[in-house]
$ cat run-v1.txt   # compact mmCIF, C-alpha atoms
# COMPACT_ATOMS: atom_id res chain seq x y z
CA MET A 240 86.45 -123.62 88.71
CA GLU A 241 89.10 -125.12 91.00
CA GLY A 242 88.10 -128.60 89.87
CA GLU A 243 88.46 -127.67 86.22
CA LEU A 244 91.88 -126.11 86.75
CA LEU A 245 93.21 -128.97 88.90
CA GLU A 246 91.75 -131.92 86.99
CA GLY A 247 94.63 -134.06 85.77
CA ARG A 248 97.31 -131.73 87.13
CA ARG A 249 100.31 -133.36 88.81
CA ILE A 250 101.40 -131.95 92.15
CA LEU A 251 104.58 -132.99 93.90
CA LEU A 252 104.02 -132.23 97.58
CA ILE A 253 107.14 -132.05 99.74
CA ILE A 254 106.32 -132.39 103.44
CA ALA A 255 109.00 -131.16 105.83
CA GLY A 256 109.20 -131.75 109.56
CA GLY A 257 106.97 -129.57 111.69
CA ILE A 258 103.74 -129.82 113.65
CA ALA A 259 101.97 -128.13 110.73
CA ALA A 260 102.59 -131.29 108.70
CA TYR A 261 99.16 -132.49 109.84
CA LYS A 262 97.62 -129.82 107.58
CA SER A 263 99.26 -131.48 104.58
CA LEU A 264 96.84 -134.38 104.95
CA GLU A 265 93.86 -132.07 104.47
CA LEU A 266 95.63 -130.40 101.53
CA ILE A 267 96.14 -133.79 99.85
CA ARG A 268 92.48 -134.65 100.36
CA ARG A 269 91.31 -131.38 98.80
CA LEU A 270 93.65 -131.75 95.83
CA ARG A 271 92.52 -135.33 95.17
CA GLU A 272 88.85 -134.33 95.42
CA ARG A 273 89.47 -131.85 92.60
CA GLY A 274 91.09 -134.40 90.36
CA ALA A 275 94.75 -133.57 90.89
CA ALA A 276 97.35 -136.34 91.03
CA VAL A 277 99.44 -135.94 94.17
CA ARG A 278 102.81 -137.56 94.69
CA CYS A 279 104.52 -136.94 98.03
CA VAL A 280 108.08 -136.66 99.30
CA MET A 281 108.53 -136.73 103.08
CA THR A 282 111.64 -135.68 104.96
CA GLU A 283 112.83 -137.86 107.81
CA ALA A 284 111.63 -135.24 110.27
CA ALA A 285 108.17 -135.14 108.65
CA ARG A 286 107.71 -138.81 109.56
CA GLN A 287 107.83 -137.82 113.22
CA PHE A 288 104.60 -135.85 112.79
CA VAL A 289 102.54 -137.73 110.17
CA THR A 290 102.93 -141.28 108.95
CA PRO A 291 103.80 -142.29 105.40
CA LEU A 292 100.80 -144.65 105.57
CA SER A 293 98.41 -141.72 106.12
CA VAL A 294 100.00 -139.74 103.31
CA SER A 295 99.98 -142.71 100.94
CA SER A 296 96.36 -143.56 101.73
CA LEU A 297 95.17 -140.04 100.94
CA SER A 298 97.38 -139.48 97.90
CA GLU A 299 96.74 -143.00 96.56
CA ASP A 300 100.38 -143.17 95.56
CA LYS A 301 103.69 -144.27 96.95
CA VAL A 302 105.49 -141.95 99.38
CA TYR A 303 109.13 -141.14 98.63
CA GLY A 304 111.75 -140.19 101.17
CA ASP A 305 115.03 -142.05 100.78
CA LEU A 306 117.61 -140.48 98.49
CA TRP A 307 119.61 -143.72 98.54
CA SER A 308 116.77 -146.14 97.82
CA LEU A 309 117.87 -148.35 94.93
CA THR A 310 114.25 -149.23 94.24
CA ASP A 311 113.03 -145.65 94.17
CA GLU A 312 115.94 -144.47 92.08
CA SER A 313 115.47 -147.24 89.53
CA GLU A 314 111.70 -146.75 89.37
CA MET A 315 111.52 -142.98 89.46
CA GLY A 316 114.74 -141.15 90.29
CA HIS A 317 114.84 -137.73 91.85
CA ILE A 318 115.20 -136.10 88.44
CA ARG A 319 112.04 -137.61 87.00
CA LEU A 320 110.23 -137.15 90.32
CA SER A 321 110.46 -133.39 89.96
CA ARG A 322 110.29 -133.15 86.17
CA GLU A 323 107.02 -135.09 85.86
CA ALA A 324 105.16 -132.67 88.13
CA ASP A 325 103.35 -129.53 87.01
CA LEU A 326 104.08 -127.81 90.32
CA LEU A 327 106.21 -128.48 93.39
CA VAL A 328 104.58 -127.51 96.69
CA VAL A 329 106.52 -127.44 99.96
CA ALA A 330 104.09 -127.55 102.89
CA PRO A 331 105.17 -127.12 105.55
CA ALA A 332 108.33 -125.33 104.48
CA THR A 333 110.49 -125.23 107.61
CA ALA A 334 113.24 -122.72 108.29
CA ASP A 335 115.74 -125.53 107.75
CA LEU A 336 114.44 -126.56 104.35
CA ILE A 337 114.07 -122.93 103.24
CA ALA A 338 117.72 -122.37 104.17
CA ARG A 339 118.83 -125.46 102.28
CA MET A 340 116.81 -124.38 99.23
CA ALA A 341 118.44 -120.94 99.33
CA MET A 342 121.93 -122.46 99.56
CA GLY A 343 121.25 -125.04 96.86
CA LEU A 344 122.01 -128.03 99.08
CA ALA A 345 121.14 -131.56 98.01
CA ASP A 346 121.58 -133.56 101.19
CA ASP A 347 118.28 -135.46 101.18
CA LEU A 348 115.60 -136.41 98.66
CA ALA A 349 113.48 -133.30 99.30
CA ALA A 350 116.34 -130.83 98.79
CA THR A 351 117.76 -132.78 95.86
CA THR A 352 114.40 -132.93 94.12
CA LEU A 353 113.93 -129.18 94.53
CA LEU A 354 117.40 -128.48 93.19
CA ALA A 355 116.88 -130.79 90.21
CA SER A 356 113.53 -129.31 89.23
CA ASP A 357 112.76 -127.00 86.33
CA LYS A 358 109.14 -126.55 87.41
CA PRO A 359 107.51 -123.75 89.44
CA VAL A 360 107.77 -124.02 93.22
CA LEU A 361 105.32 -122.82 95.87
CA ILE A 362 106.26 -122.81 99.56
CA ALA A 363 104.03 -122.55 102.65
CA PRO A 364 106.38 -121.53 105.49
CA ALA A 365 105.77 -122.77 109.04
CA MET A 366 108.03 -122.11 112.00
CA ASN A 367 108.48 -120.36 115.34
CA ALA A 368 107.90 -116.59 115.28
CA MET A 369 111.50 -115.78 116.21
CA MET A 370 112.78 -118.10 113.49
CA TRP A 371 110.51 -116.39 110.97
CA ALA A 372 111.70 -112.92 111.99
CA HIS A 373 115.39 -113.86 112.06
CA PRO A 374 117.43 -111.95 109.44
CA ALA A 375 118.82 -115.23 108.10
CA THR A 376 115.33 -116.55 107.34
CA GLN A 377 114.25 -113.28 105.77
CA ALA A 378 117.40 -113.22 103.63
CA ASN A 379 116.76 -116.79 102.51
CA LEU A 380 113.16 -115.93 101.59
CA ALA A 381 114.35 -112.92 99.60
CA THR A 382 116.80 -115.16 97.74
CA LEU A 383 114.07 -117.64 96.87
CA ALA A 384 111.66 -114.88 95.81
CA ALA A 385 114.32 -113.48 93.48
CA ARG A 386 114.53 -116.93 91.88
CA GLY A 387 110.78 -116.97 91.30
CA VAL A 388 109.75 -119.21 94.18
CA MET A 389 106.17 -118.39 95.14
CA ARG A 390 104.95 -118.18 98.73
CA VAL A 391 101.65 -118.44 100.60
CA GLY A 392 101.58 -117.34 104.23
CA PRO A 393 102.52 -117.61 106.97
CA GLY A 394 99.80 -116.27 109.19
CA SER A 395 99.95 -115.12 112.79
CA GLY A 396 98.38 -116.46 115.95
CA ASP A 397 98.99 -119.14 118.55
CA LEU A 398 101.93 -121.36 117.65
CA ALA A 399 102.55 -124.95 118.68
CA CYS A 400 105.53 -123.85 120.78
CA GLY A 401 103.19 -121.84 123.00
CA GLU A 402 104.23 -118.46 121.65
CA VAL A 403 102.10 -116.05 119.64
CA GLY A 404 103.21 -114.44 116.39
CA PHE A 405 103.99 -115.11 112.76
CA GLY A 406 104.85 -118.59 111.63
CA ARG A 407 101.51 -120.42 111.35
CA MET A 408 101.31 -122.31 108.09
CA ALA A 409 98.57 -121.09 105.76
CA GLU A 410 95.33 -123.04 105.94
CA PRO A 411 94.76 -125.78 103.32
CA ALA A 412 92.07 -123.70 101.59
CA ASP A 413 94.48 -120.80 101.12
CA ILE A 414 97.27 -123.10 99.91
CA LEU A 415 94.82 -124.67 97.47
CA ALA A 416 93.91 -121.22 96.12
CA ALA A 417 97.61 -120.40 95.74
CA ILE A 418 98.15 -123.66 93.85
CA VAL A 419 95.35 -122.77 91.44
CA ARG A 420 96.90 -119.34 90.86
CA ALA A 421 100.31 -120.90 90.29
CA LEU A 422 99.00 -123.44 87.78
CA ALA A 423 96.78 -121.04 85.87
CA PRO A 424 98.30 -117.59 86.29
CA ASP A 425 95.72 -114.91 85.74
CA ARG A 426 97.39 -111.79 84.35
CA ARG A 427 94.28 -109.71 83.74
CA LEU A 428 95.83 -106.73 85.51
CA ALA A 429 99.13 -106.84 83.61
CA GLY A 430 99.99 -103.30 82.55
CA ARG A 431 97.80 -101.81 85.29
CA ARG A 432 99.08 -99.92 88.33
CA ALA A 433 97.58 -100.30 91.80
CA LEU A 434 97.90 -98.46 95.09
CA VAL A 435 96.98 -100.14 98.37
CA THR A 436 97.14 -98.63 101.85
CA SER A 437 97.34 -100.94 104.84
CA GLY A 438 97.80 -101.17 108.57
CA PRO A 439 97.30 -98.50 111.22
CA THR A 440 98.88 -95.10 111.50
CA ARG A 441 100.66 -93.87 114.62
CA GLU A 442 100.29 -90.27 115.72
CA PRO A 443 102.97 -89.24 118.23
CA ILE A 444 102.05 -87.75 121.59
CA ASP A 445 105.67 -87.59 122.70
CA PRO A 446 108.79 -89.57 121.70
CA VAL A 447 107.47 -92.75 123.39
CA ARG A 448 103.66 -92.57 123.12
CA TYR A 449 101.25 -92.40 120.23
CA LEU A 450 97.59 -92.60 119.17
CA SER A 451 96.74 -95.64 117.05
CA ASN A 452 94.31 -98.54 116.64
CA HIS A 453 94.22 -102.34 116.52
CA SER A 454 94.61 -102.79 112.76
CA SER A 455 97.02 -105.62 111.89
CA GLY A 456 97.39 -104.86 108.18
CA LYS A 457 96.42 -108.41 107.25
CA GLN A 458 93.60 -107.42 104.92
CA GLY A 459 95.46 -104.63 103.16
CA HIS A 460 98.56 -106.75 102.65
CA ALA A 461 96.44 -109.62 101.31
CA ILE A 462 94.80 -107.25 98.81
CA ALA A 463 98.19 -105.99 97.62
CA ALA A 464 99.33 -109.60 97.16
CA ALA A 465 96.17 -110.49 95.22
CA LEU A 466 96.49 -107.52 92.86
CA ALA A 467 100.17 -108.26 92.25
CA ALA A 468 99.28 -111.91 91.57
CA LEU A 469 96.98 -110.71 88.76
CA GLY A 470 99.87 -108.80 87.21
CA ALA A 471 99.34 -105.30 88.57
CA GLU A 472 102.35 -103.15 89.37
CA THR A 473 101.44 -102.66 93.02
CA VAL A 474 102.60 -100.07 95.54
CA LEU A 475 101.75 -100.86 99.17
CA VAL A 476 101.80 -97.86 101.52
CA SER A 477 101.68 -99.32 105.00
CA GLY A 478 101.72 -98.12 108.55
CA PRO A 479 103.56 -100.16 111.21
CA THR A 480 102.64 -103.85 110.97
CA GLN A 481 104.21 -107.25 111.47
CA GLU A 482 102.87 -108.52 108.14
CA PRO A 483 105.53 -109.70 105.66
CA THR A 484 105.79 -107.71 102.44
CA PRO A 485 103.96 -109.66 99.70
CA ALA A 486 106.03 -110.98 96.83
CA GLY A 487 106.15 -108.67 93.82
CA VAL A 488 104.91 -105.65 95.78
CA ARG A 489 106.81 -102.39 96.39
CA LEU A 490 106.47 -101.38 100.03
CA VAL A 491 106.53 -97.78 101.23
CA ALA A 492 106.62 -97.81 105.03
CA VAL A 493 105.11 -94.85 106.88
CA GLU A 494 104.09 -93.97 110.42
CA THR A 495 101.61 -91.09 110.40
CA ALA A 496 98.51 -90.21 108.41
CA ARG A 497 100.25 -87.23 106.82
CA GLN A 498 103.10 -89.46 105.70
CA MET A 499 100.59 -91.95 104.30
CA LEU A 500 98.83 -89.25 102.29
CA GLU A 501 102.12 -87.96 100.93
CA ALA A 502 103.25 -91.46 99.92
CA SER A 503 99.87 -92.24 98.36
CA GLU A 504 99.91 -89.08 96.27
CA ALA A 505 103.49 -89.83 95.21
CA ALA A 506 102.36 -93.23 93.90
CA LEU A 507 99.88 -91.66 91.48
CA PRO A 508 98.85 -92.09 88.75
CA VAL A 509 97.36 -95.56 89.24
CA ASP A 510 94.41 -97.39 87.76
CA VAL A 511 92.99 -98.55 91.08
CA ALA A 512 93.44 -97.40 94.66
CA VAL A 513 92.32 -99.60 97.54
CA MET A 514 92.47 -97.61 100.75
CA ALA A 515 92.38 -100.40 103.34
CA ALA A 516 94.47 -98.69 106.04
CA ALA A 517 92.89 -97.83 109.38
CA VAL A 518 93.97 -94.20 109.48
CA SER A 519 93.87 -92.37 112.80
CA ASP A 520 91.21 -89.68 112.59
CA TRP A 521 93.01 -87.33 114.94
CA ARG A 522 96.52 -86.39 115.94
CA VAL A 523 97.95 -84.29 118.74
CA ASP A 524 98.29 -80.70 117.55
CA THR A 525 101.85 -80.42 118.81
CA ALA A 526 103.69 -83.52 119.96
CA ALA A 527 105.94 -83.05 122.95
CA GLY A 528 109.66 -83.08 122.22
CA GLN A 529 110.44 -84.94 125.43
CA LYS A 530 108.62 -87.70 127.29
CA LEU A 531 105.67 -86.32 129.24
CA LYS A 532 106.02 -87.07 132.95
CA LYS A 533 103.59 -87.17 135.85
CA ASP A 534 103.95 -84.06 137.93
CA GLY A 535 101.19 -84.59 140.48
CA LYS A 536 98.94 -82.05 138.77
CA GLY A 537 96.93 -84.55 136.76
CA PRO A 538 97.16 -85.74 133.15
CA PRO A 539 98.40 -83.36 130.46
CA SER A 540 95.92 -81.55 128.28
CA LEU A 541 96.14 -82.80 124.71
CA ARG A 542 94.65 -80.75 121.90
CA LEU A 543 93.57 -83.00 119.04
CA VAL A 544 93.22 -81.91 115.44
CA GLU A 545 91.85 -83.81 112.46
CA ASN A 546 94.18 -85.77 110.23
CA PRO A 547 93.93 -85.41 106.46
CA ASP A 548 91.23 -87.55 104.88
CA ILE A 549 93.30 -89.80 102.62
CA LEU A 550 90.39 -91.62 100.98
CA ALA A 551 88.53 -88.39 100.18
CA SER A 552 91.73 -86.75 98.96
CA ILE A 553 92.48 -89.54 96.47
CA ALA A 554 88.84 -89.86 95.37
CA GLY A 555 88.52 -86.11 94.91
CA ARG A 556 91.51 -85.63 92.62
CA HIS A 557 90.90 -84.46 89.06
CA ASN A 558 93.71 -84.97 86.57
CA ASP A 559 95.17 -88.10 88.16
CA ARG A 560 92.19 -89.66 89.95
CA PRO A 561 92.35 -93.47 89.76
CA LEU A 562 89.73 -95.13 87.56
CA LEU A 563 88.53 -97.02 90.62
CA VAL A 564 88.81 -95.81 94.22
CA ILE A 565 87.82 -98.29 96.92
CA GLY A 566 87.53 -97.56 100.61
CA PHE A 567 86.94 -99.56 103.75
CA ALA A 568 84.51 -98.82 106.55
CA ALA A 569 85.35 -100.43 109.87
CA GLU A 570 82.16 -100.06 111.89
CA THR A 571 80.84 -101.20 115.27
CA GLU A 572 77.16 -100.47 114.63
CA ASN A 573 74.80 -99.83 111.71
CA VAL A 574 77.50 -101.23 109.48
CA VAL A 575 75.83 -100.95 106.08
CA ALA A 576 74.05 -97.65 106.75
CA ASN A 577 77.24 -96.02 107.96
CA ALA A 578 79.14 -97.42 104.98
CA ARG A 579 76.59 -96.00 102.52
CA ALA A 580 76.94 -92.58 104.08
CA LYS A 581 80.72 -92.83 104.09
CA ARG A 582 80.86 -93.73 100.39
CA LYS A 583 78.88 -90.64 99.45
CA ARG A 584 80.83 -88.42 101.82
CA LYS A 585 84.23 -89.59 100.58
CA GLY A 586 83.34 -89.69 96.89
CA CYS A 587 84.79 -93.16 96.32
CA ASP A 588 83.39 -95.80 93.98
CA TRP A 589 83.05 -98.77 96.33
CA ILE A 590 83.12 -99.18 100.10
CA LEU A 591 83.86 -102.50 101.75
CA ALA A 592 82.24 -102.45 105.17
CA ASN A 593 83.04 -104.79 108.01
CA ASP A 594 82.05 -105.13 111.66
CA VAL A 595 85.01 -104.64 113.98
CA SER A 596 83.05 -104.78 117.22
CA PRO A 597 84.72 -106.51 120.17
CA GLY A 598 84.20 -110.22 119.82
CA THR A 599 84.14 -110.30 116.01
CA GLY A 600 87.88 -110.96 115.84
CA THR A 601 88.15 -108.90 112.63
CA PHE A 602 90.94 -106.61 113.83
CA GLY A 603 94.01 -108.81 114.08
CA GLY A 604 92.15 -111.96 113.01
CA ASP A 605 92.44 -114.06 109.87
CA ARG A 606 88.78 -113.91 108.79
CA ASN A 607 86.47 -111.15 107.66
CA THR A 608 82.84 -110.55 106.76
CA ILE A 609 82.41 -107.96 104.01
CA HIS A 610 79.43 -105.92 102.84
CA MET A 611 80.35 -104.38 99.51
CA VAL A 612 78.56 -101.09 98.82
CA ASP A 613 78.48 -99.96 95.18
CA GLY A 614 76.08 -97.09 94.72
CA ASP A 615 72.66 -98.32 95.83
CA LEU A 616 73.75 -101.96 95.62
CA VAL A 617 74.89 -103.86 98.70
CA GLU A 618 76.45 -107.29 98.29
CA ASP A 619 76.86 -109.37 101.44
CA TRP A 620 79.86 -111.67 101.24
CA PRO A 621 80.02 -114.79 103.38
CA VAL A 622 82.53 -115.15 106.18
CA MET A 623 85.86 -116.03 104.58
CA SER A 624 89.57 -115.69 105.17
CA LYS A 625 91.15 -112.33 104.49
CA ILE A 626 93.14 -113.95 101.70
CA GLU A 627 89.88 -115.11 100.10
CA VAL A 628 88.38 -111.62 100.54
CA ALA A 629 91.43 -110.18 98.77
CA ALA A 630 91.18 -112.66 95.90
CA ARG A 631 87.48 -111.93 95.44
CA LEU A 632 88.05 -108.18 95.46
CA ALA A 633 90.97 -108.42 93.03
CA ASP A 634 88.83 -110.53 90.71
CA ARG A 635 86.05 -107.91 90.82
CA ILE A 636 88.53 -105.11 90.15
CA ALA A 637 89.99 -106.95 87.15
CA GLU A 638 86.53 -107.68 85.80
CA VAL A 639 85.46 -104.02 85.97
CA LEU A 640 88.69 -102.60 84.57
CA GLN A 641 88.61 -105.06 81.67
CA SER A 642 84.99 -104.30 80.85
CA GLY A 643 85.46 -100.55 81.05
CA ASN A 644 82.10 -100.43 82.82
CA LEU A 645 83.09 -97.69 85.23
CA ALA A 646 80.59 -95.43 86.88
CA PRO A 647 81.06 -91.66 86.54
CA HIS A 648 83.22 -90.27 89.35
CA ARG A 649 81.03 -89.30 92.21
$ encode --input "run-v1.txt" --output "structure tokens"
Amino acid sequence: MEGELLEGRRILLIIAGGIAAYKSLELIRRLRERGAAVRCVMTEAARQFVTPLSVSSLSEDKVYGDLWSLTDESEMGHIRLSREADLLVVAPATADLIARMAMGLADDLAATTLLASDKPVLIAPAMNAMMWAHPATQANLATLAARGVMRVGPGSGDLACGEVGFGRMAEPADILAAIVRALAPDRRLAGRRALVTSGPTREPIDPVRYLSNHSSGKQGHAIAAALAALGAETVLVSGPTQEPTPAGVRLVAVETARQMLEASEAALPVDVAVMAAAVSDWRVDTAAGQKLKKDGKGPPSLRLVENPDILASIAGRHNDRPLLVIGFAAETENVVANARAKRKRKGCDWILANDVSPGTGTFGGDRNTIHMVDGDLVEDWPVMSKIEVAARLADRIAEVLQSGNLAPHR
């Protein structure tokens, strides 16, 4: 499918300066393998990380970089360079180039080409975690999103600077998938409404302590992004997470399970609800109003009570139950068997089960292994990125909603 969609398409790849520029070489290779024509613009800083010779060899085309080149301007010109492409891709998109795009600067060939273009633009940000989180960067990203600039990533993890956090450029496979979506927008969920829950919940013990879990929100946020990409009006109800809000998604930030249930019910009616949040099962009956202190008499006695069951509550509604209710089962043993039992107990349509045992790297990681339980059917998905899991699930949701082949509510 990717090959069919990319065959003969013209991609203008703008490579900015950052260690992640090495990934652009793999992206070029994958695009060329699928029949896309790739023309590249490199900033001066990009040449410090990858060579124009490497880029030219893989793209099988000349590399552009000098705004003042008489030869380049007479042969191509920055206007034609951008206008003859089907899509402009900036990978890596550094904080500097993102800022210049937002301000509309035209001080080098890359920025000038972007400013002169009337074609869609996709950016793959890559930078230090503090640079990513800086209000200036977030404001610049919001400006670009309002102008219709698409984004893939970034992810989180170890960064080249030695720090850990957000700023890792998306992997070539994920950028490739985003390019396909940008070139052949699939709007099968246009006119549909979706609810997604994501992240952990935090249940206060006192003003400074809480009960929670290791959920990062990566999978839930990726699902919200995938549904929005297919045209769904998507509400994302999320507990505390460092994940950026996906483009085109309305975020409702919550802390506790009770707040998440209230926000989820307020989002109804929807056509599909994907309850991907890792909701704390219990909360302290009465949270202390002041910080609990050691008094030499041992730890305090905490009385735990059950939190509301958000998945069962949404699946059990009558007048405004979503057409499709999908839950997640994070298990450490007997993954499929426990997921089957959970689906029946909760009354949802599908359960996506995954193994979150120590060592799997699922919680907080970028990859996932899903077992999809639909009635008596179990479909084992291969190991893939959480973005790929989200795209596959969104595709399945669109397929079922379009067909109208919905099972009776259980």
$ residues_around --input "run-v1.txt" --residues "Leu490 of chain A" --least-positions-apart "3" --cutoff "8 Å" --atoms "all atoms listed in the file" --output "ChimeraX atom specification"
/A:474-477,484
$ closest_residue --input "run-v1.txt" --among "A:Asp588, A:Glu572, A:Asp524, A:Glu627" --to "Met611 of chain A" --atoms "only C-alpha atoms"
A:Asp588
$ residues_near_point --input "run-v1.txt" --point "(104.9, -130.7, 111.9)" --cutoff "9 Å" --atoms "only C-alpha atoms" --output "MDAnalysis selection string"
chainID A and resid 254:262 284:289 331 333 365
$ residues_around --input "run-v1.txt" --residues "Gly343 of chain A" --least-positions-apart "2" --cutoff "12 Å" --atoms "all atoms listed in the file" --output "PyMOL selection string"
chain A and resi 336-341+345-347+349-356+379+382-383+386
$ closest_residue --input "run-v1.txt" --among "A:Ser437, A:Thr525, A:Asn452, A:Ser298" --to "Leu270 of chain A" --atoms "only C-alpha atoms"
A:Ser298
$ closest_residue --input "run-v1.txt" --among "A:Ile414, A:Leu320, A:Gly470, A:Ile462" --to "Arg427 of chain A" --atoms "all atoms listed in the file"
A:Gly470
$ closest_residue --input "run-v1.txt" --among "A:Val612, A:Ala516, A:Ala551, A:Ala381" --to "Asn577 of chain A" --atoms "all atoms listed in the file"
A:Val612
$ atom_distance --input "run-v1.txt" --atom1 "atom CA of Ala276 of chain A" --atom2 "atom CA of Arg426 of chain A"
25.4 Å
$ build_atoms --input "run-v1.txt" --residues "segment 419-433 of chain A" --atoms "N, CA and C atoms" --output "short mmCIF file (atom, residue, chain, number, x, y, z; two decimals), in the frame of the given file"
data_model
loop_
_atom_site.label_atom_id
_atom_site.label_comp_id
_atom_site.auth_asym_id
_atom_site.auth_seq_id
_atom_site.Cartn_x
_atom_site.Cartn_y
_atom_site.Cartn_z
N VAL A 419 96.14 -123.07 92.65
CA VAL A 419 95.35 -122.77 91.44
C VAL A 419 95.95 -121.57 90.72
N ARG A 420 96.31 -120.53 91.48
CA ARG A 420 96.90 -119.34 90.86
C ARG A 420 98.23 -119.67 90.20
N ALA A 421 99.00 -120.54 90.84
CA ALA A 421 100.31 -120.90 90.29
C ALA A 421 100.18 -121.71 89.01
N LEU A 422 99.18 -122.57 88.94
CA LEU A 422 99.00 -123.44 87.78
C LEU A 422 98.33 -122.72 86.62
N ALA A 423 97.49 -121.77 86.93
CA ALA A 423 96.78 -121.04 85.87
C ALA A 423 96.90 -119.56 86.14
N PRO A 424 98.10 -119.01 85.96
CA PRO A 424 98.30 -117.59 86.29
C PRO A 424 97.35 -116.69 85.53
N ASP A 425 96.69 -115.85 86.27
CA ASP A 425 95.72 -114.91 85.74
C ASP A 425 96.41 -113.55 85.69
N ARG A 426 96.66 -113.04 84.50
CA ARG A 426 97.39 -111.79 84.35
C ARG A 426 96.48 -110.68 83.83
N ARG A 427 95.23 -110.69 84.26
CA ARG A 427 94.28 -109.71 83.74
C ARG A 427 94.64 -108.28 84.09
N LEU A 428 95.45 -108.09 85.13
CA LEU A 428 95.83 -106.73 85.51
C LEU A 428 97.24 -106.36 85.05
N ALA A 429 97.81 -107.17 84.17
CA ALA A 429 99.13 -106.84 83.61
C ALA A 429 99.04 -105.50 82.89
N GLY A 430 100.00 -104.62 83.15
CA GLY A 430 99.99 -103.30 82.55
C GLY A 430 99.21 -102.28 83.36
N ARG A 431 98.54 -102.72 84.40
CA ARG A 431 97.80 -101.81 85.29
C ARG A 431 98.66 -101.47 86.50
N ARG A 432 98.38 -100.33 87.12
CA ARG A 432 99.08 -99.92 88.33
C ARG A 432 98.07 -99.83 89.47
N ALA A 433 98.48 -100.28 90.65
CA ALA A 433 97.58 -100.30 91.80
C ALA A 433 98.26 -99.68 93.01
#
